[in-house]
Amino acid sequence: MSGAGVPPRNESTVLSSSLLREVKVEEAVGMVLAHDLTQILPGQFKGRLFRKGHVVVTEDIPKLKDIGKENLYVIELADTDLHEDDAALRMAVALSGENTNYGEPHEGKVTVKSEITGLACIAREVVDEINRLGEIALASVTNHRVIQPGEGLAATRAIPLIVPEHKVQEVERIAEAYRRKHGIAPVSVRPFRSMKVGLLTTGSEVFTGRIADKFGPAVRGKLEALGSEVAEQRFVPDDRHTIVKEIHYFLQQGYDMILVTGGMSVDPDDRTPGAIAEAGTDIVSYGTPMLPGSMLLFGYLRGVPIFGLPGCVMHDPYTSFDVLLPRILAGDTVVKEDIVEMGYGGLHRC
Ligand SMILES: Nc1nc2c(c(=O)[nH]1)N[C@H]1C(S)=C(S)[C@@H](COP(=O)(O)OP(=O)(O)OC[C@H]3O[C@@H](n4cnc5c(N)ncnc54)[C@H](O)[C@@H]3O)O[C@H]1N2
Ligand code: MOO
């Protein structure tokens, strides 16, 4: 729709000192389009039907009418204003950084995408500050999400067709201040290290061969998806002393991370938390405020990240382990407050 009612022919609007002049589509042949024009066919298509800069020809007129255009804009841009495409592009340039790229503007929007599989690093305070400015918008994924190559991290958009340049300069100032303070762009991606992991599977029913191990394949799949691997898997019965001994064995092997599976809840045979503590681990948290994965334990054993993984990690595709593992692979040191913050929005299944 191009606004309520049919505006009078050649109506003009002064926006700050820029000029928007309306021209009836029937009289627009030969005219250069001032912005992309969108078509939406629900369930079939949403996108650019005509590109900014297109010269209108007679055959375009019915197509323009089909998408609700009775009038088109001619823009005379003042020095102090920016076209929506230029505003969106300048914002994307200012905000994006490590391991990202962006394409050309589409319909006043520029999408910043990841170049790698990695951890999305989005400065929430910057996103909020920019969205308080008005007339421009920045939408992003949530911080610390796993992101794939080509996946969108953030998109910038101008709301009106013409934006005062000072708004975009403010975005540039906010982004630059963040870079100076944190040494990283507000929208960036951190790569994952490739880690060699020691996997210790507890459970007498698995150790004795009563049932087949399902933790190994599940954990291998989660690690391999992020570029790491299980270097060695060992099996132990529900015996605290044996678990401690095997944890120390893994430590001596110099693995980058140790995972101990099963025996994490409240039964008498659940020896894993006690064994991890007895091994000498500095426990950051036993218990995480997320479901599934509430019985997860995380700590550091002489600087090596160590997890106690509850049964649900073997069963559910997205658990507290899937939140914390990417952080560790990206080189973060996980502290208690990181665990505390998992509770809000942390109910995925129960
Ligand atoms: N009364 C309570 N019950 C449960 C609680 C609780 O707090 N109070 N917590 C629940 C949560 S949360 C989880 S998760 C589960 C499982 O916790 P565990 O880590 O202690 O799991 P296990 O008891 O060792 O085993 C549970 C289940 O999974 C099978 N299993 C374990 N390891 C393997 C393996 N490597 N391969 C195949 N199958 C395995 C095991 O045989 C059991 O069937 O506890 C809730 N209950
Ligand atoms: O830890 Mo259970 O680990 O929430 O399903």
# chains A, B, ... in the order shown; residues from 1 in each chain; ligands from 1

$ closest_atom_pairs --of "chain A" --to "ligand 2" --cutoff "6 Å" --atoms "only C-alpha atoms and all ligand atoms" --output "JSON lines"
{"residue": "A:Leu291", "atom": "CA", "partner": "ligand 2", "partner_atom_place_in_ligand_line": "4 (O)", "distance": 4.6}
{"residue": "A:Pro292", "atom": "CA", "partner": "ligand 2", "partner_atom_place_in_ligand_line": "4 (O)", "distance": 3.7}
{"residue": "A:Gly293", "atom": "CA", "partner": "ligand 2", "partner_atom_place_in_ligand_line": "3 (O)", "distance": 3.2}
{"residue": "A:Ser294", "atom": "CA", "partner": "ligand 2", "partner_atom_place_in_ligand_line": "4 (O)", "distance": 3.7}
{"residue": "A:Met295", "atom": "CA", "partner": "ligand 2", "partner_atom_place_in_ligand_line": "1 (O)", "distance": 3.8}
{"residue": "A:Leu296", "atom": "CA", "partner": "ligand 2", "partner_atom_place_in_ligand_line": "1 (O)", "distance": 5.8}
{"residue": "A:Pro310", "atom": "CA", "partner": "ligand 2", "partner_atom_place_in_ligand_line": "3 (O)", "distance": 4.7}
{"residue": "A:Gly311", "atom": "CA", "partner": "ligand 2", "partner_atom_place_in_ligand_line": "3 (O)", "distance": 5.9}
{"residue": "A:Cys312", "atom": "CA", "partner": "ligand 2", "partner_atom_place_in_ligand_line": "5 (O)", "distance": 4.4}

$ closest_atom_pairs --of "segment 157-264 of chain A" --to "segment 300-305 of chain A" --cutoff "9 Å" --atoms "only C-alpha atoms" --output "JSON lines"
{"residue": "A:Leu251", "atom": "CA", "partner": "A:Val304", "partner_atom": "CA", "distance": 7.9}
{"residue": "A:Gly254", "atom": "CA", "partner": "A:Val304", "partner_atom": "CA", "distance": 8.9}
{"residue": "A:Tyr255", "atom": "CA", "partner": "A:Val304", "partner_atom": "CA", "distance": 8.0}
{"residue": "A:Asp256", "atom": "CA", "partner": "A:Val304", "partner_atom": "CA", "distance": 6.2}
{"residue": "A:Met257", "atom": "CA", "partner": "A:Pro305", "partner_atom": "CA", "distance": 5.2}
{"residue": "A:Ile258", "atom": "CA", "partner": "A:Pro305", "partner_atom": "CA", "distance": 6.5}
{"residue": "A:Leu259", "atom": "CA", "partner": "A:Pro305", "partner_atom": "CA", "distance": 8.6}

$ select_by_dssp --residues "segment 94-147 of chain A" --states "alpha helix (DSSP H)" --output "ChimeraX atom specification"
/A:94-95,124-131

$ write_last_selection --atoms "N, CA and C atoms" --output "PDB file, in the first residue's frame"
ATOM      1  N   ALA A  94      29.974   0.044  10.591  1.00  0.00           N
ATOM      2  CA  ALA A  94      30.410   0.484  11.930  1.00  0.00           C
ATOM      3  C   ALA A  94      30.339  -0.650  12.957  1.00  0.00           C
ATOM      4  N   LEU A  95      29.338  -1.505  12.839  1.00  0.00           N
ATOM      5  CA  LEU A  95      29.068  -2.486  13.901  1.00  0.00           C
ATOM      6  C   LEU A  95      29.770  -3.815  13.719  1.00  0.00           C
ATOM      7  N   ARG A 124      24.908  -6.659  23.751  1.00  0.00           N
ATOM      8  CA  ARG A 124      23.495  -6.311  23.954  1.00  0.00           C
ATOM      9  C   ARG A 124      23.327  -4.824  24.283  1.00  0.00           C
ATOM     10  N   GLU A 125      24.265  -4.284  25.082  1.00  0.00           N
ATOM     11  CA  GLU A 125      24.114  -2.878  25.472  1.00  0.00           C
ATOM     12  C   GLU A 125      24.204  -1.956  24.255  1.00  0.00           C
ATOM     13  N   VAL A 126      24.994  -2.348  23.261  1.00  0.00           N
ATOM     14  CA  VAL A 126      25.097  -1.548  22.030  1.00  0.00           C
ATOM     15  C   VAL A 126      23.806  -1.657  21.224  1.00  0.00           C
ATOM     16  N   VAL A 127      23.281  -2.861  21.126  1.00  0.00           N
ATOM     17  CA  VAL A 127      22.020  -3.058  20.385  1.00  0.00           C
ATOM     18  C   VAL A 127      20.928  -2.189  21.017  1.00  0.00           C
ATOM     19  N   ASP A 128      20.836  -2.220  22.334  1.00  0.00           N
ATOM     20  CA  ASP A 128      19.792  -1.447  23.027  1.00  0.00           C
ATOM     21  C   ASP A 128      20.004   0.056  22.840  1.00  0.00           C
ATOM     22  N   GLU A 129      21.255   0.504  22.956  1.00  0.00           N
ATOM     23  CA  GLU A 129      21.543   1.933  22.845  1.00  0.00           C
ATOM     24  C   GLU A 129      21.171   2.454  21.452  1.00  0.00           C
ATOM     25  N   ILE A 130      21.479   1.658  20.440  1.00  0.00           N
ATOM     26  CA  ILE A 130      21.167   2.064  19.062  1.00  0.00           C
ATOM     27  C   ILE A 130      19.654   2.106  18.845  1.00  0.00           C
ATOM     28  N   ASN A 131      18.963   1.132  19.399  1.00  0.00           N
ATOM     29  CA  ASN A 131      17.514   1.092  19.183  1.00  0.00           C
ATOM     30  C   ASN A 131      16.765   2.147  19.988  1.00  0.00           C
TER      31      ASN A 131
END

$ select_by_dssp --residues "segment 163-271 of chain A" --states "strand (DSSP E)" --output "list in words"
Val163, Pro164, Val187, Ser188, Val189, Arg190, Pro191, Lys196, Val197, Gly198, Leu199, Leu200, Thr201, Thr202, Glu229, Val230, Ala231, Glu232, Gln233, Arg234, Phe235, Val236, Met257, Ile258, Leu259, Val260 and Thr261 of chain A

$ residues_near_ligand --ligand "ligand 1" --cutoff "9 Å" --atoms "only C-alpha atoms and all ligand atoms" --output "PyMOL selection string"
chain A and resi 201-207+211-216+235+238+261-267+269-272+291-296+308-315+350

$ write_last_selection --atoms "C-alpha atoms" --output "compact mmCIF listing (two decimals), in the first residue's frame"
# COMPACT_ATOMS: atom_id res chain seq x y z
CA THR A 201 31.51 -43.02 31.12
CA THR A 202 30.22 -44.17 34.49
CA GLY A 203 27.42 -46.63 35.16
CA SER A 204 27.73 -50.25 36.24
CA GLU A 205 24.95 -51.25 33.81
CA VAL A 206 27.10 -49.99 30.91
CA PHE A 207 30.44 -51.18 32.37
CA ILE A 211 23.13 -52.14 28.18
CA ALA A 212 24.91 -50.51 25.25
CA ASP A 213 26.61 -47.13 25.74
CA LYS A 214 24.57 -44.24 24.31
CA PHE A 215 26.54 -41.39 25.87
CA GLY A 216 29.62 -41.91 23.68
CA PHE A 235 34.27 -46.98 31.11
CA ASP A 238 29.70 -46.57 39.90
CA THR A 261 28.92 -38.97 32.13
CA GLY A 262 26.06 -40.35 34.22
CA GLY A 263 25.56 -40.77 37.95
CA MET A 264 24.80 -37.07 38.40
CA SER A 265 21.54 -37.09 40.35
CA VAL A 266 20.22 -38.28 43.70
CA ASP A 267 20.53 -42.09 43.82
CA ASP A 269 24.82 -45.04 42.96
CA ASP A 270 25.26 -41.49 41.68
CA ARG A 271 28.95 -41.12 42.57
CA THR A 272 30.09 -38.67 39.88
CA LEU A 291 16.07 -27.70 31.81
CA PRO A 292 17.18 -30.03 30.37
CA GLY A 293 20.56 -30.21 32.03
CA SER A 294 19.84 -29.09 35.58
CA MET A 295 22.09 -31.75 37.16
CA LEU A 296 25.16 -30.63 35.19
CA GLY A 308 29.74 -33.90 34.99
CA LEU A 309 27.08 -34.66 32.37
CA PRO A 310 23.61 -35.85 33.46
CA GLY A 311 21.62 -38.42 31.54
CA CYS A 312 19.62 -35.87 29.56
CA VAL A 313 22.71 -34.83 27.55
CA MET A 314 22.57 -38.27 25.94
CA HIS A 315 18.88 -37.83 25.14
CA CYS A 350 10.74 -30.42 31.57

$ closest_atom_pairs --of "segment 76-100 of chain A" --to "segment 180-191 of chain A" --cutoff "10 Å" --atoms "only C-alpha atoms" --output "JSON lines"
{"residue": "A:Ala92", "atom": "CA", "partner": "A:Val187", "partner_atom": "CA", "distance": 9.1}
{"residue": "A:Ala94", "atom": "CA", "partner": "A:Ala185", "partner_atom": "CA", "distance": 8.3}
{"residue": "A:Leu95", "atom": "CA", "partner": "A:Pro186", "partner_atom": "CA", "distance": 5.6}
{"residue": "A:Ser96", "atom": "CA", "partner": "A:Val187", "partner_atom": "CA", "distance": 4.8}
{"residue": "A:Gly97", "atom": "CA", "partner": "A:Ala185", "partner_atom": "CA", "distance": 4.8}
{"residue": "A:Glu98", "atom": "CA", "partner": "A:Ser188", "partner_atom": "CA", "distance": 5.0}
{"residue": "A:Asn99", "atom": "CA", "partner": "A:Val189", "partner_atom": "CA", "distance": 5.5}
{"residue": "A:Thr100", "atom": "CA", "partner": "A:Ser188", "partner_atom": "CA", "distance": 6.2}

$ write_last_selection --atoms "C-alpha atoms" --output "JSON list (two decimals), in the first residue's frame"
[["chain", "number", "residue", "atom", "x", "y", "z"],
["A", 92, "ALA", "CA", 26.65, -2.37, 9.21],
["A", 94, "ALA", "CA", 30.41, 0.48, 11.93],
["A", 95, "LEU", "CA", 29.07, -2.49, 13.90],
["A", 96, "SER", "CA", 30.51, -5.56, 12.23],
["A", 97, "GLY", "CA", 33.91, -7.04, 12.92],
["A", 98, "GLU", "CA", 35.85, -10.27, 13.28],
["A", 99, "ASN", "CA", 34.77, -13.16, 11.00],
["A", 100, "THR", "CA", 31.75, -11.37, 9.55]]

$ residues_around --residues "segment 326-333 of chain A" --least-positions-apart "3" --cutoff "7 Å" --atoms "only C-alpha atoms" --output "PyMOL selection string"
chain A and resi 119+146+190-193+322-323

$ residues_around --residues "Ser228 of chain A" --least-positions-apart "5" --cutoff "6 Å" --atoms "only C-alpha atoms" --output "list of chain:residue names"
A:Ser194, A:Met195, A:Leu223

$ write_last_selection --atoms "C-alpha atoms" --output "mmCIF file, in the first residue's frame"
data_model
loop_
_atom_site.group_PDB
_atom_site.id
_atom_site.type_symbol
_atom_site.label_atom_id
_atom_site.label_comp_id
_atom_site.auth_asym_id
_atom_site.auth_seq_id
_atom_site.Cartn_x
_atom_site.Cartn_y
_atom_site.Cartn_z
ATOM 1 C CA SER A 194 39.719 -27.824 18.240
ATOM 2 C CA MET A 195 39.951 -29.696 21.548
ATOM 3 C CA LEU A 223 31.811 -32.207 19.887
#

$ residues_around --residues "Asp85 of chain A" --least-positions-apart "5" --cutoff "8 Å" --atoms "only C-alpha atoms" --output "list in words"
Pro105, His106, Glu107, Gly108, Lys109, Val110 and Ala158 of chain A

$ write_last_selection --atoms "N, CA and C atoms" --output "tab-separated table (two decimals), in the first residue's frame"
chain	number	residue	atom	x	y	z
A	105	PRO	N	22.88	-3.35	0.29
A	105	PRO	CA	21.56	-3.08	0.90
A	105	PRO	C	20.42	-3.66	0.07
A	106	HIS	N	19.41	-4.12	0.75
A	106	HIS	CA	18.16	-4.58	0.12
A	106	HIS	C	17.03	-3.90	0.84
A	107	GLU	N	16.24	-3.14	0.13
A	107	GLU	CA	15.04	-2.52	0.71
A	107	GLU	C	15.36	-1.82	2.03
A	108	GLY	N	16.49	-1.11	2.03
A	108	GLY	CA	16.85	-0.32	3.21
A	108	GLY	C	17.43	-1.14	4.35
A	109	LYS	N	17.86	-2.37	4.05
A	109	LYS	CA	18.35	-3.27	5.11
A	109	LYS	C	19.68	-3.87	4.68
A	110	VAL	N	20.60	-4.01	5.65
A	110	VAL	CA	21.86	-4.70	5.39
A	110	VAL	C	22.02	-5.80	6.45
A	158	ALA	N	17.11	1.39	8.17
A	158	ALA	CA	16.59	2.74	8.38
A	158	ALA	C	15.08	2.64	8.35

$ atom_distance --atom1 "atom CA of Ile174 of chain A" --atom2 "atom CA of Lys336 of chain A"
29.4 Å

$ residues_around --residues "Val57 of chain A" --least-positions-apart "5" --cutoff "9 Å" --atoms "only C-alpha atoms" --output "NGL selection string"
:A and (28-31)
